[in-house]
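Heads up, my_file-v5.txt below (compact mmCIF, C-alpha atoms):
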```txt
# COMPACT_ATOMS: atom_id res chain seq x y z
CA MET A 210 -112.11 134.80 107.01
CA SER A 211 -108.71 136.04 105.72
CA ASN A 212 -108.13 137.14 102.15
CA SER A 213 -105.72 134.23 101.55
CA ASN A 214 -108.36 131.75 102.71
CA ASN A 215 -110.91 133.34 100.39
CA LYS A 216 -108.53 133.00 97.45
CA LYS A 217 -107.81 129.37 98.32
CA ARG A 218 -111.54 128.60 98.62
CA PHE A 219 -112.23 130.33 95.30
CA ALA A 220 -109.39 128.50 93.53
CA THR A 221 -110.44 125.10 94.89
CA ALA A 222 -114.05 125.57 93.79
CA TRP A 223 -113.06 126.62 90.29
CA ILE A 224 -110.76 123.62 89.96
CA ILE A 225 -113.95 121.60 90.42
CA VAL A 226 -115.56 123.58 87.57
CA VAL A 227 -112.56 122.92 85.30
CA ALA A 228 -112.73 119.23 86.20
CA CYS A 229 -116.41 119.17 85.28
CA MET A 230 -115.59 120.89 81.98
CA LEU A 231 -113.03 118.18 81.20
CA ILE A 232 -115.56 115.47 82.04
CA GLN A 233 -118.12 117.15 79.77
CA ALA A 234 -115.59 117.68 77.00
CA VAL A 235 -114.25 114.12 76.74
CA PRO A 236 -116.12 111.31 78.58
CA PHE A 237 -119.53 112.92 78.03
CA GLY A 238 -118.57 114.14 74.56
CA VAL A 239 -117.43 110.67 73.51
CA ALA A 240 -120.55 108.96 74.86
CA SER A 241 -123.10 111.44 73.50
CA ASN A 242 -121.79 113.90 70.92
CA ILE A 243 -119.87 111.69 68.48
CA GLN A 244 -122.10 108.62 68.46
CA PRO A 245 -124.24 109.88 65.53
CA GLN A 246 -121.11 109.92 63.34
CA PHE A 247 -120.84 106.12 63.75
CA VAL A 248 -124.34 105.35 62.45
CA SER A 249 -123.68 105.03 58.73
CA TYR A 250 -120.43 103.11 59.30
CA VAL A 251 -121.99 100.58 61.68
CA VAL A 252 -125.03 100.10 59.45
CA GLU A 253 -122.79 99.41 56.47
CA GLU A 254 -120.30 97.19 58.34
CA ARG A 255 -122.87 95.11 60.24
CA GLY A 256 -125.72 95.14 57.75
CA PHE A 257 -128.26 96.62 60.20
CA THR A 258 -131.20 98.74 59.11
CA LEU A 259 -130.92 102.45 59.82
CA ALA A 260 -134.10 102.44 61.90
CA GLY A 261 -132.97 99.39 63.87
CA PHE A 262 -129.58 100.81 64.81
CA SER A 263 -130.92 104.31 65.45
CA LEU A 264 -133.06 102.83 68.21
CA ILE A 265 -129.97 102.83 70.45
CA PHE A 266 -130.51 106.58 70.98
CA THR A 267 -134.09 106.15 72.17
CA LEU A 268 -133.29 103.15 74.36
CA GLY A 269 -130.27 104.92 75.87
CA THR A 270 -132.41 107.95 76.74
CA ILE A 271 -135.08 105.78 78.38
CA VAL A 272 -132.58 103.72 80.41
CA SER A 273 -130.78 106.88 81.55
CA ALA A 274 -134.06 108.50 82.62
CA VAL A 275 -135.20 105.44 84.59
CA ALA A 276 -131.80 105.10 86.28
CA SER A 277 -131.42 108.80 87.15
CA PRO A 278 -133.35 108.78 90.47
CA PHE A 279 -131.34 105.79 91.69
CA ILE A 280 -128.09 107.47 90.63
CA GLY A 281 -129.11 110.60 92.50
CA THR A 282 -129.84 108.59 95.64
CA LEU A 283 -126.47 106.81 95.39
CA PHE A 284 -124.67 110.16 95.31
CA ASN A 285 -126.07 110.81 98.79
CA LYS A 286 -124.63 107.51 100.07
CA VAL A 287 -121.42 106.90 98.11
CA ASN A 288 -118.27 109.03 97.90
CA VAL A 289 -118.35 111.32 94.86
CA LYS A 290 -114.95 110.06 93.62
CA VAL A 291 -116.22 106.49 93.65
CA MET A 292 -119.41 107.49 91.82
CA TYR A 293 -117.48 109.35 89.14
CA ILE A 294 -114.93 106.56 88.68
CA LEU A 295 -117.77 104.06 88.26
CA GLY A 296 -119.57 106.43 85.90
CA CYS A 297 -116.46 106.90 83.77
CA ILE A 298 -115.87 103.13 83.62
CA LEU A 299 -119.47 102.49 82.53
CA SER A 300 -119.43 105.36 80.04
CA GLY A 301 -115.94 105.02 78.53
CA GLY A 302 -115.66 101.27 79.01
CA GLY A 303 -119.09 100.80 77.49
CA PHE A 304 -118.17 102.90 74.49
CA LEU A 305 -115.05 100.78 74.05
CA ALA A 306 -117.24 97.65 74.31
CA PHE A 307 -119.18 98.78 71.22
CA SER A 308 -116.10 97.64 69.28
CA MET A 309 -116.85 94.03 70.28
CA CYS A 310 -120.59 94.10 69.47
CA THR A 311 -121.72 92.11 66.45
CA GLN A 312 -125.47 91.75 67.06
CA LEU A 313 -128.03 94.54 67.26
CA TRP A 314 -129.24 93.51 70.72
CA GLN A 315 -125.66 93.80 71.98
CA PHE A 316 -125.53 97.42 70.83
CA TYR A 317 -128.82 98.06 72.67
CA VAL A 318 -127.51 96.62 75.94
CA VAL A 319 -124.20 98.49 75.75
CA ALA A 320 -125.98 101.75 74.85
CA GLY A 321 -127.99 101.47 78.07
CA ILE A 322 -124.82 100.88 80.11
CA VAL A 323 -123.08 103.85 78.48
CA GLN A 324 -125.98 106.19 79.20
CA VAL A 325 -126.22 105.12 82.85
CA GLY A 326 -122.55 106.03 83.23
CA THR A 327 -123.08 109.28 81.35
CA ALA A 328 -125.95 110.29 83.66
CA ALA A 329 -123.70 109.71 86.68
CA ILE A 330 -120.90 111.94 85.38
CA SER A 331 -123.01 114.58 83.62
CA SER A 332 -126.72 115.27 84.07
CA ILE A 333 -126.78 114.19 87.74
CA GLY A 334 -123.15 114.43 88.87
CA VAL A 335 -122.22 117.87 87.52
CA PRO A 336 -125.23 119.77 88.96
CA LEU A 337 -124.77 118.01 92.29
CA LEU A 338 -121.13 119.09 92.51
CA ILE A 339 -121.80 122.68 91.42
CA ASN A 340 -124.73 123.02 93.83
CA ARG A 341 -122.52 121.93 96.72
CA TRP A 342 -119.61 124.23 95.85
CA PHE A 343 -121.51 127.42 94.91
CA ASP A 344 -124.40 129.33 96.47
CA GLU A 345 -127.52 130.66 94.71
CA GLU A 346 -125.77 133.87 93.64
CA THR A 347 -122.77 132.19 92.00
CA LYS A 348 -123.75 128.72 90.81
CA GLY A 349 -125.35 129.79 87.52
CA LYS A 350 -122.09 131.00 86.00
CA ALA A 351 -120.27 127.92 87.32
CA MET A 352 -122.95 125.58 85.94
CA GLY A 353 -122.85 127.30 82.57
CA LEU A 354 -119.07 126.96 82.33
CA ALA A 355 -119.16 123.32 83.39
CA PHE A 356 -121.71 122.34 80.75
CA ALA A 357 -120.03 124.51 78.11
CA GLY A 358 -117.19 121.99 78.23
CA SER A 359 -119.33 119.73 76.06
CA GLY A 360 -119.44 122.32 73.28
CA PHE A 361 -115.74 123.10 73.45
CA GLY A 362 -114.83 119.42 73.40
CA ASN A 363 -117.22 118.70 70.56
CA ILE A 364 -115.36 121.10 68.26
CA PHE A 365 -112.27 118.88 68.41
CA LEU A 366 -113.94 115.49 68.84
CA GLN A 367 -116.02 115.85 65.68
CA GLN A 368 -112.91 116.41 63.57
CA LEU A 369 -111.04 113.55 65.23
CA VAL A 370 -113.86 111.02 64.92
CA VAL A 371 -114.54 111.81 61.25
CA SER A 372 -110.85 111.28 60.48
CA SER A 373 -110.68 108.08 62.56
CA LEU A 374 -113.80 106.58 61.01
CA ALA A 375 -112.47 107.21 57.50
CA SER A 376 -109.09 105.66 58.36
CA ASN A 377 -109.94 102.92 60.87
CA GLY A 378 -113.64 102.09 60.52
CA ALA A 379 -116.23 101.90 63.30
CA SER A 380 -114.91 99.06 65.48
CA LYS A 381 -111.38 100.41 65.93
CA SER A 382 -112.71 103.95 66.38
CA TYR A 383 -115.03 102.77 69.15
CA MET A 384 -112.00 101.25 70.88
CA LEU A 385 -109.83 104.36 70.46
CA PHE A 386 -112.39 106.86 71.70
CA GLY A 387 -113.53 104.60 74.53
CA ALA A 388 -109.91 104.41 75.68
CA LEU A 389 -109.60 108.21 75.37
CA SER A 390 -112.67 108.61 77.57
CA LEU A 391 -111.17 106.37 80.27
CA ILE A 392 -107.73 107.98 80.07
CA VAL A 393 -109.21 111.44 80.72
CA GLY A 394 -112.16 110.60 82.97
CA ILE A 395 -110.61 108.34 85.60
CA PRO A 396 -107.60 110.55 86.53
CA VAL A 397 -109.79 113.67 86.64
CA SER A 398 -112.22 111.83 88.94
CA ILE A 399 -109.45 110.61 91.25
CA PHE A 400 -107.32 113.74 91.55
CA LEU A 401 -109.63 116.73 90.98
CA LEU A 402 -113.13 115.91 92.19
CA ARG A 403 -114.40 116.07 95.75
CA MET A 404 -117.22 117.58 97.79
CA PRO A 405 -116.54 120.63 100.01
CA LYS A 406 -115.31 119.64 103.46
CA ASN A 407 -117.63 122.12 105.16
CA GLU A 408 -119.71 125.25 104.53
CA ASP A 409 -116.60 127.45 104.79
CA GLU A 410 -115.38 126.13 101.42
CA VAL A 411 -118.56 127.11 99.55
CA VAL A 412 -118.19 130.09 97.18
CA ARG A 413 -120.73 132.79 98.02
CA GLY A 414 -121.90 135.98 96.36
CA LYS A 415 -121.05 139.41 97.75
CA SER A 416 -124.48 139.86 99.33
CA SER A 417 -124.49 136.47 101.09
CA SER A 418 -124.25 136.75 104.86
CA SER A 419 -123.23 134.08 107.35
CA GLU A 420 -126.85 133.91 108.51
CA ALA A 421 -128.07 133.43 104.93
CA ALA A 422 -125.40 130.78 104.39
CA ALA A 423 -126.61 128.82 107.40
CA THR A 424 -130.19 129.09 106.20
CA THR A 425 -129.20 127.88 102.74
CA ALA A 426 -127.30 124.93 104.16
CA ASP A 427 -130.29 123.85 106.25
CA PHE A 428 -132.91 124.52 103.58
CA GLY A 429 -134.35 121.66 101.59
CA TYR A 430 -137.08 119.10 101.06
CA THR A 431 -136.81 115.36 101.05
CA PHE A 432 -138.12 113.69 97.92
CA LYS A 433 -141.18 112.52 99.87
CA GLU A 434 -141.92 116.08 100.97
CA ALA A 435 -141.31 117.54 97.51
CA SER A 436 -143.53 114.96 95.78
CA LYS A 437 -146.46 116.06 97.94
CA LEU A 438 -146.27 119.62 96.60
CA LYS A 439 -148.41 120.51 93.58
CA TYR A 440 -145.55 122.60 92.22
CA PHE A 441 -143.34 119.51 91.92
CA TRP A 442 -145.77 117.97 89.45
CA ILE A 443 -146.38 121.24 87.62
CA LEU A 444 -142.60 121.51 87.23
CA GLY A 445 -142.53 117.96 85.83
CA ILE A 446 -145.26 118.70 83.26
CA GLY A 447 -143.46 121.90 82.29
CA LEU A 448 -140.22 120.01 81.72
CA PHE A 449 -142.05 117.36 79.71
CA ALA A 450 -143.39 120.08 77.39
CA LEU A 451 -139.90 121.62 77.31
CA GLY A 452 -138.45 118.29 76.16
CA MET A 453 -141.11 118.01 73.44
CA TYR A 454 -140.27 121.34 71.84
CA VAL A 455 -136.50 120.99 72.26
CA SER A 456 -136.50 117.62 70.51
CA ALA A 457 -138.56 118.84 67.58
CA LEU A 458 -136.56 122.03 67.04
CA ALA A 459 -133.16 120.38 67.47
CA VAL A 460 -133.79 117.28 65.33
CA GLN A 461 -136.27 118.31 62.64
CA TYR A 462 -135.12 121.70 61.42
CA PRO A 463 -132.55 120.41 58.81
CA ALA A 464 -135.19 118.35 56.99
CA TYR A 465 -137.63 121.28 57.08
CA LEU A 466 -135.07 123.76 55.72
CA THR A 467 -134.09 121.33 52.96
CA SER A 468 -137.44 119.95 51.82
CA ASP A 469 -139.94 122.72 52.62
CA VAL A 470 -137.94 125.96 52.66
CA LYS A 471 -135.75 124.72 49.78
CA LEU A 472 -132.44 125.98 51.14
CA SER A 473 -129.28 124.57 49.61
CA PRO A 474 -127.29 121.94 51.55
CA THR A 475 -124.54 124.54 52.03
CA MET A 476 -127.00 126.98 53.59
CA VAL A 477 -128.44 124.29 55.86
CA ALA A 478 -124.94 123.35 57.00
CA SER A 479 -124.22 127.03 57.70
CA VAL A 480 -127.38 127.26 59.80
CA GLY A 481 -126.17 124.23 61.75
CA SER A 482 -122.77 125.84 62.32
CA VAL A 483 -124.41 129.03 63.64
CA PHE A 484 -126.56 126.92 65.96
CA ALA A 485 -123.51 125.07 67.31
CA LEU A 486 -121.57 128.31 67.83
CA PHE A 487 -124.38 130.03 69.74
CA CYS A 488 -124.95 126.93 71.86
CA LEU A 489 -121.50 127.58 73.31
CA PHE A 490 -122.50 131.11 74.26
CA GLY A 491 -125.92 129.95 75.44
CA ASN A 492 -124.65 128.03 78.45
CA LEU A 493 -122.16 130.74 79.42
CA VAL A 494 -124.61 133.62 79.07
CA GLY A 495 -127.47 131.62 80.56
CA GLY A 496 -125.58 130.93 83.75
CA VAL A 497 -124.90 134.65 84.18
CA ILE A 498 -128.57 135.43 83.45
CA PHE A 499 -129.73 133.07 86.20
CA ASP A 500 -127.17 134.56 88.63
CA LYS A 501 -127.97 138.20 87.87
CA LEU A 502 -131.72 138.08 87.23
CA GLY A 503 -132.80 135.08 89.29
CA VAL A 504 -134.67 131.96 88.19
CA THR A 505 -138.02 133.54 87.31
CA LYS A 506 -136.65 136.35 85.14
CA GLY A 507 -134.14 133.94 83.63
CA LEU A 508 -137.02 131.74 82.49
CA VAL A 509 -138.76 134.77 80.97
CA VAL A 510 -135.62 135.52 78.94
CA ALA A 511 -135.39 131.87 77.81
CA PHE A 512 -139.07 131.94 76.80
CA ALA A 513 -138.56 135.06 74.66
CA LEU A 514 -135.54 133.53 72.93
CA ALA A 515 -137.30 130.19 72.25
CA ALA A 516 -140.55 131.77 71.02
CA ILE A 517 -138.85 134.21 68.65
CA SER A 518 -136.57 131.46 67.34
CA CYS A 519 -139.57 129.25 66.53
CA LEU A 520 -141.40 132.13 64.82
CA SER A 521 -138.24 132.86 62.80
CA LEU A 522 -138.19 129.25 61.64
CA ILE A 523 -141.84 129.44 60.59
CA PHE A 524 -141.39 132.64 58.56
CA CYS A 525 -138.02 131.80 57.00
CA LYS A 526 -139.99 130.49 54.00
CA GLN A 527 -140.64 134.16 53.20
CA LEU A 528 -137.30 135.55 54.44
CA ALA A 529 -134.49 133.01 54.26
CA PHE A 530 -132.15 134.96 56.56
CA LEU A 531 -134.55 134.24 59.44
CA ALA A 532 -133.17 130.68 59.45
CA PHE A 533 -129.96 132.13 60.89
CA ILE A 534 -131.92 134.17 63.45
CA PHE A 535 -133.61 130.92 64.47
CA ALA A 536 -130.24 129.18 64.85
CA ALA A 537 -128.69 131.99 66.90
CA LEU A 538 -131.65 132.43 69.28
CA LYS A 539 -132.23 128.69 69.66
CA GLY A 540 -128.55 128.30 70.51
CA LEU A 541 -128.70 131.09 73.10
CA SER A 542 -131.77 129.51 74.72
CA VAL A 543 -129.95 126.21 75.27
CA PHE A 544 -129.31 127.11 78.92
CA ALA A 545 -132.99 126.59 79.69
CA TYR A 546 -132.71 122.82 79.24
CA MET A 547 -128.98 122.25 79.76
CA ILE A 548 -128.63 123.91 83.16
CA GLY A 549 -132.28 124.83 83.79
CA PRO A 550 -133.53 121.58 85.41
CA SER A 551 -130.70 121.50 87.93
CA MET A 552 -130.94 125.25 88.65
CA LEU A 553 -134.70 124.97 89.20
CA THR A 554 -134.40 121.86 91.37
CA GLY A 555 -131.78 123.42 93.63
CA SER A 556 -133.58 126.75 93.87
CA PHE A 557 -137.01 125.23 94.58
CA PHE A 558 -136.20 122.18 96.71
CA GLY A 559 -132.73 122.82 98.19
CA GLN A 560 -129.85 120.44 98.87
CA LYS A 561 -131.33 117.96 101.35
CA ASP A 562 -132.33 115.38 98.71
CA PHE A 563 -131.11 117.19 95.60
CA GLY A 564 -129.74 114.16 93.72
CA THR A 565 -132.90 112.07 94.02
CA ILE A 566 -135.25 114.94 93.19
CA LEU A 567 -133.15 115.97 90.18
CA GLY A 568 -133.10 112.36 88.97
CA VAL A 569 -136.89 112.20 89.00
CA VAL A 570 -137.21 115.65 87.43
CA GLN A 571 -134.92 114.56 84.58
CA ILE A 572 -137.34 111.75 83.72
CA PHE A 573 -140.05 114.23 82.72
CA PHE A 574 -137.70 116.06 80.36
CA ALA A 575 -136.25 112.83 78.94
CA VAL A 576 -139.68 111.37 78.15
CA GLY A 577 -140.72 114.60 76.46
CA PHE A 578 -137.49 114.70 74.47
CA ALA A 579 -137.88 111.06 73.40
CA ALA A 580 -141.45 111.68 72.21
CA GLY A 581 -141.09 115.15 70.72
CA SER A 582 -139.49 114.34 67.38
CA THR A 583 -141.89 111.44 66.73
CA VAL A 584 -144.96 113.53 67.56
CA PHE A 585 -143.68 116.28 65.29
CA GLY A 586 -143.17 113.80 62.46
CA LEU A 587 -146.76 112.59 62.81
CA LEU A 588 -148.02 116.18 62.72
CA VAL A 589 -146.02 116.90 59.56
CA ASP A 590 -147.29 113.74 57.86
CA ASN A 591 -150.91 114.69 58.55
CA PHE A 592 -150.96 118.50 58.45
CA GLY A 593 -147.68 119.77 57.00
CA TYR A 594 -144.74 121.67 58.46
CA THR A 595 -146.31 125.05 59.21
CA PRO A 596 -149.17 123.75 61.42
CA ALA A 597 -146.69 121.40 63.11
CA TRP A 598 -144.38 124.30 63.99
CA TYR A 599 -147.30 126.24 65.47
CA VAL A 600 -148.04 123.25 67.69
CA ILE A 601 -144.39 123.33 68.81
CA LEU A 602 -144.79 127.05 69.51
CA GLY A 603 -147.74 126.04 71.71
CA PHE A 604 -145.47 123.65 73.62
CA ILE A 605 -143.02 126.54 74.16
CA VAL A 606 -145.78 128.72 75.63
CA VAL A 607 -147.11 125.90 77.83
CA SER A 608 -143.67 124.79 79.07
CA TYR A 609 -142.42 128.21 80.08
CA GLY A 610 -145.80 129.24 81.42
CA LEU A 611 -145.78 126.26 83.79
CA LEU A 612 -142.13 126.73 84.76
CA ILE A 613 -142.58 130.44 85.51
CA PHE A 614 -145.77 129.69 87.47
CA THR A 615 -143.85 127.08 89.49
CA SER A 616 -140.98 129.48 90.13
CA ILE A 617 -143.28 132.20 91.47
CA GLY A 618 -145.23 129.70 93.57
CA MET A 619 -142.18 127.98 95.08
CA ASN A 620 -140.52 131.31 95.88
CA LYS A 621 -143.60 132.36 97.83
CA LEU A 622 -143.88 128.99 99.56
CA ASN A 623 -140.20 128.90 100.55
CA LYS A 624 -140.31 132.46 101.90
CA LYS A 625 -143.38 131.55 103.94
CA ASN A 626 -141.74 128.38 105.30
CA ASN A 627 -138.48 130.13 106.14
```
Would you put the structure from the file into C-alpha cells?
Amino acid sequence: MSNSNNKKRFATAWIIVVACMLIQAVPFGVASNIQPQFVSYVVEERGFTLAGFSLIFTLGTIVSAVASPFIGTLFNKVNVKVMYILGCILSGGGFLAFSMCTQLWQFYVVAGIVQVGTAAISSIGVPLLINRWFDEETKGKAMGLAFAGSGFGNIFLQQLVVSSLASNGASKSYMLFGALSLIVGIPVSIFLLRMPKNEDEVVRGKSSSSEAAATTADFGYTFKEASKLKYFWILGIGLFALGMYVSALAVQYPAYLTSDVKLSPTMVASVGSVFALFCLFGNLVGGVIFDKLGVTKGLVVAFALAAISCLSLIFCKQLAFLAFIFAALKGLSVFAYMIGPSMLTGSFFGQKDFGTILGVVQIFFAVGFAAGSTVFGLLVDNFGYTPAWYVILGFIVVSYGLLIFTSIGMNKLNKKNN
C-alpha cells in the first residue's frame, strides 16, 4: 500500500477517535457527568426527598445494563450512523425532557431512556467503533483517547452547569444542556462516524502482517460459543468484583476523609481535584499500557495501582498526605474499568459478536457497581471504616486475580484454536 494511502487511512481512523471524544465530552458528559449537580436544585424545586430523587442513578444504571446486550446486537444489524443518531436523540432529548418532569416517576422513566441512549453512544458504541478501526497493537491508545474526552469535557461542563443552575434553575438548565447535547451529538454522528469499508482501512501496528490481519479479521466467537466457555463466566465474576470496589472507592471516600480521618473540607476538595486530574491521565496512559504490555501485564499494573491506592486510603489516618497518593493512583487505575471491559472482550472473544458479548459483560460490572456503595455502607455501619476498606481491598485482589487468570487462560485457548 502506498505511503499516501497509509496517511489517508491513518487520518480517517483518527477522525473517528476525535468524533468519539466529542461524543464523550458533550452528549455523554451531559447525560452522566453533570446530573449530580442538579440533585439539590430539583429536590428543592419539586419537594422530593433526597433518597427518592437519588434513585434515578440506580435505576438508570440497571436499565442501561439490561439494555446493553440488545444494543450490542442492534449494532450488528443497523448502520452505525443510525444507531448513534438514535442514541443521541434518546440521551440528549431525554435530558431535555427532564425539564418537563413534575412527578418523581417521570424522572425515573426519563432517566432510563437517557441511560439507554448513553449506552448506545458510549459504553457499547465507542468500543465497537474503536475495535473495528484499530488492531490489537493500536486500539488501546485510541480507546484511551476516546474515553478521555469525558474528562476533558467535564472540566468545562461543570463550570457551565453550576453557573446555569444558579442563574436559571433546574428546569431551564435541563433544557439548555439537553439542546447542547443534541446540537453536538447529531451532526458528529451524521458527518464523522462510520465503520471501515474494508480491512484495508484498519490501522495496524508495525509488527502486524497481512496474514495476521486476515487471522484477526476472521477470529471471534459468537455469544453462544463464548457463553459456553468457563472463562466467560470467570470474566463476569471478576468484573462484578471490579464494580464493587470501584463503586465503594469512588463514592465513599469523601465521607470517610471528612468524618473518620477528620480532614478539612478544603483538603477533601483538593483530594477530589487530584483524583479528577489523574483520571484524565489514567485513560491516556492506560491505553498505551495495554498496547505496549498486552492485556495480562496491563491488568497486573492496574492491580498494583488499585491495591496501593486502597492501602494509602486506609493508612491516611496516620499520614494525611497518603490521601493524595490514593487519589493519584486511583485516578491512574481508571483505565481498568473505563476501557478494560471492552479491551478484554475484544482480545478474548474477537469481533464476530463483539457488541452482544460486550453488552452482557457490562451487566456484571454494572450490577457490581450498583451494589458496591450500599454493601460498603452496611459494612461501615456494622464494623467501621477500617474493616470495610480491608473488605474492599479483598474485592480488588479477587477481581484482578480472576481477570488475570481469565486473560492467561483465554490467550492459551485462542492460540490452541488458531
**Asked** Between A:Val411, A:Leu602, A:Ala220, A:Val291, which one has atoms that come closest to Val397 (chain A), using all atoms listed in the file?
**Response** A:Val291
**Item:** For CA of Gly496 (chain A) and CA of Ala351 (chain A), the interatomic separation in Å (one decimal)
**Value:** 7.1 Å
**Asked** Which residue gives the smallest distance to Lys501 (chain A) among A:Leu354, A:Gly414, A:Pro405, A:Phe257, with all atoms listed in the file counted?
**Response**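 Ranked by minimum distance to Lys501 (chain A), first place goes to A:Gly414.
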**Request:** Find the residue from A:Phe604, A:Phe356, A:Phe386, A:Phe237 that sits nearest to Gly549 (chain A); use all atoms listed in the file when measuring.
**Result:**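 Of all the options, A:Phe356 lies closest to Gly549 (chain A).
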Tell me, counting only C-alpha atoms, for each residue of region 483-601 of chain A within 10 Å of region 463-477 of chain A, which pair of atoms is nearest and how far apart they are in Å to one decimal, in rows ordered by chain and increasing number, as JSON lines.
```
{"residue": "A:Val483", "atom": "CA", "partner": "A:Val477", "partner_atom": "CA", "distance": 10.0}
{"residue": "A:Leu522", "atom": "CA", "partner": "A:Leu466", "partner_atom": "CA", "distance": 8.7}
{"residue": "A:Ile523", "atom": "CA", "partner": "A:Val470", "partner_atom": "CA", "distance": 9.5}
{"residue": "A:Phe524", "atom": "CA", "partner": "A:Val470", "partner_atom": "CA", "distance": 9.6}
{"residue": "A:Cys525", "atom": "CA", "partner": "A:Val470", "partner_atom": "CA", "distance": 7.3}
{"residue": "A:Lys526", "atom": "CA", "partner": "A:Val470", "partner_atom": "CA", "distance": 5.1}
{"residue": "A:Gln527", "atom": "CA", "partner": "A:Val470", "partner_atom": "CA", "distance": 8.6}
{"residue": "A:Leu528", "atom": "CA", "partner": "A:Val470", "partner_atom": "CA", "distance": 9.8}
{"residue": "A:Ala529", "atom": "CA", "partner": "A:Leu472", "partner_atom": "CA", "distance": 8.0}
{"residue": "A:Phe530", "atom": "CA", "partner": "A:Met476", "partner_atom": "CA", "distance": 10.0}
{"residue": "A:Ala532", "atom": "CA", "partner": "A:Leu466", "partner_atom": "CA", "distance": 8.1}
{"residue": "A:Phe533", "atom": "CA", "partner": "A:Met476", "partner_atom": "CA", "distance": 9.4}
{"residue": "A:Val589", "atom": "CA", "partner": "A:Tyr465", "partner_atom": "CA", "distance": 9.8}
{"residue": "A:Gly593", "atom": "CA", "partner": "A:Asp469", "partner_atom": "CA", "distance": 9.4}
{"residue": "A:Tyr594", "atom": "CA", "partner": "A:Tyr465", "partner_atom": "CA", "distance": 7.3}
{"residue": "A:Thr595", "atom": "CA", "partner": "A:Asp469", "partner_atom": "CA", "distance": 9.5}
```
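Nearest residue to Arg403 (chain A), choosing from A:Gly360, A:Gly334, A:Pro278, A:Gly238 and counting all atoms listed in the file: A:Gly334.
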**Message:** Quick one: residues within 7 Å of Lys350 (chain A), only C-alpha atoms, excluding same-chain residues fewer than 6 positions away - as a PyMOL selection string?
**Reply:** chain A and resi 493+496-497+500
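Using only C-alpha atoms, the smallest distance between any of A:Phe563, A:Tyr609, A:Tyr454, A:Phe544 and Phe284 (chain A) comes from A:Phe563.
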**From A:Ile399, A:Val371, A:Ala511, A:Ala435, residue lying nearest Lys561 (chain A) [all atoms listed in the file]** =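 That would be A:Ala435, the residue with the smallest distance to Lys561 (chain A).
For Thr270 (chain A), the set of protein, DNA and RNA residues having any atom at most 7 Å away, when counting only C-alpha atoms and skipping those fewer than 4 positions along the same chain, is Phe266, Ala274 and Ala575 of chain A.
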**Asked** Could you pull the residues within 8 Å of Leu514 (chain A), counting all atoms listed in the file, minus those fewer than 3 positions along the same chain, as a count of residues only?
**Response** 8
**Message:** If I take CA of Phe578 (chain A) and CA of Ser456 (chain A), how far is one from the other in Å, to one decimal?
**Reply:**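 Calculated distance between CA of Phe578 (chain A) and CA of Ser456 (chain A) is 5.0 Å.
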**Prompt:** Interatomic distance between CA of Leu391 (chain A) and CA of Pro245 (chain A)?
**Reply:** 20.0 Å
With a cut-off of 8 Å, could you pull out the residues of region 268-372 of chain A touching region 567-571 of chain A and give me the nearest pair of atoms for each, distance in Å to one decimal, using all atoms listed in the file, ordered by chain and ascending number, as a Markdown table?
```
| residue | atom | partner | partner_atom | distance |
| --- | --- | --- | --- | --- |
| A:Ala274 | CA | A:Gln571 | CA | 6.4 |
| A:Ala276 | CA | A:Gly568 | CA | 7.9 |
| A:Ser277 | CA | A:Gly568 | CA | 4.3 |
| A:Pro278 | CA | A:Gly568 | CA | 3.9 |
| A:Phe279 | CA | A:Gly568 | CA | 7.3 |
| A:Ile280 | CA | A:Gly568 | CA | 7.2 |
| A:Gly281 | CA | A:Gly568 | CA | 5.6 |
| A:Ile333 | CA | A:Gly568 | CA | 6.7 |
```
**Asked** If we count only C-alpha atoms, what is near Leu259 (chain A) at a cut-off of 12 Å, once residues fewer than 3 positions away on the same chain are taken out, given as a ChimeraX atom specification?
**Response** /A:245,247-256,262-266,313
**Asked** Which polymer residues have any atom within 8 Å of an atom of Met384 (chain A), counting all atoms listed in the file, with same-chain residues fewer than 2 positions away left out, as an NGL selection string?
**Response** :A and (304-308 or 380-382 or 386-388)
If you take every atom of region 449-466 of chain A that the file lists and fit an axis-aligned box around them with 3 Å extra on each side, what centre and edge lengths come out in Å to one decimal, as lines of an AutoDock Vina configuration file?
```
center_x = -138.0
center_y = 120.5
center_z = 67.7
size_x = 16.8
size_y = 12.5
size_z = 30.0
```
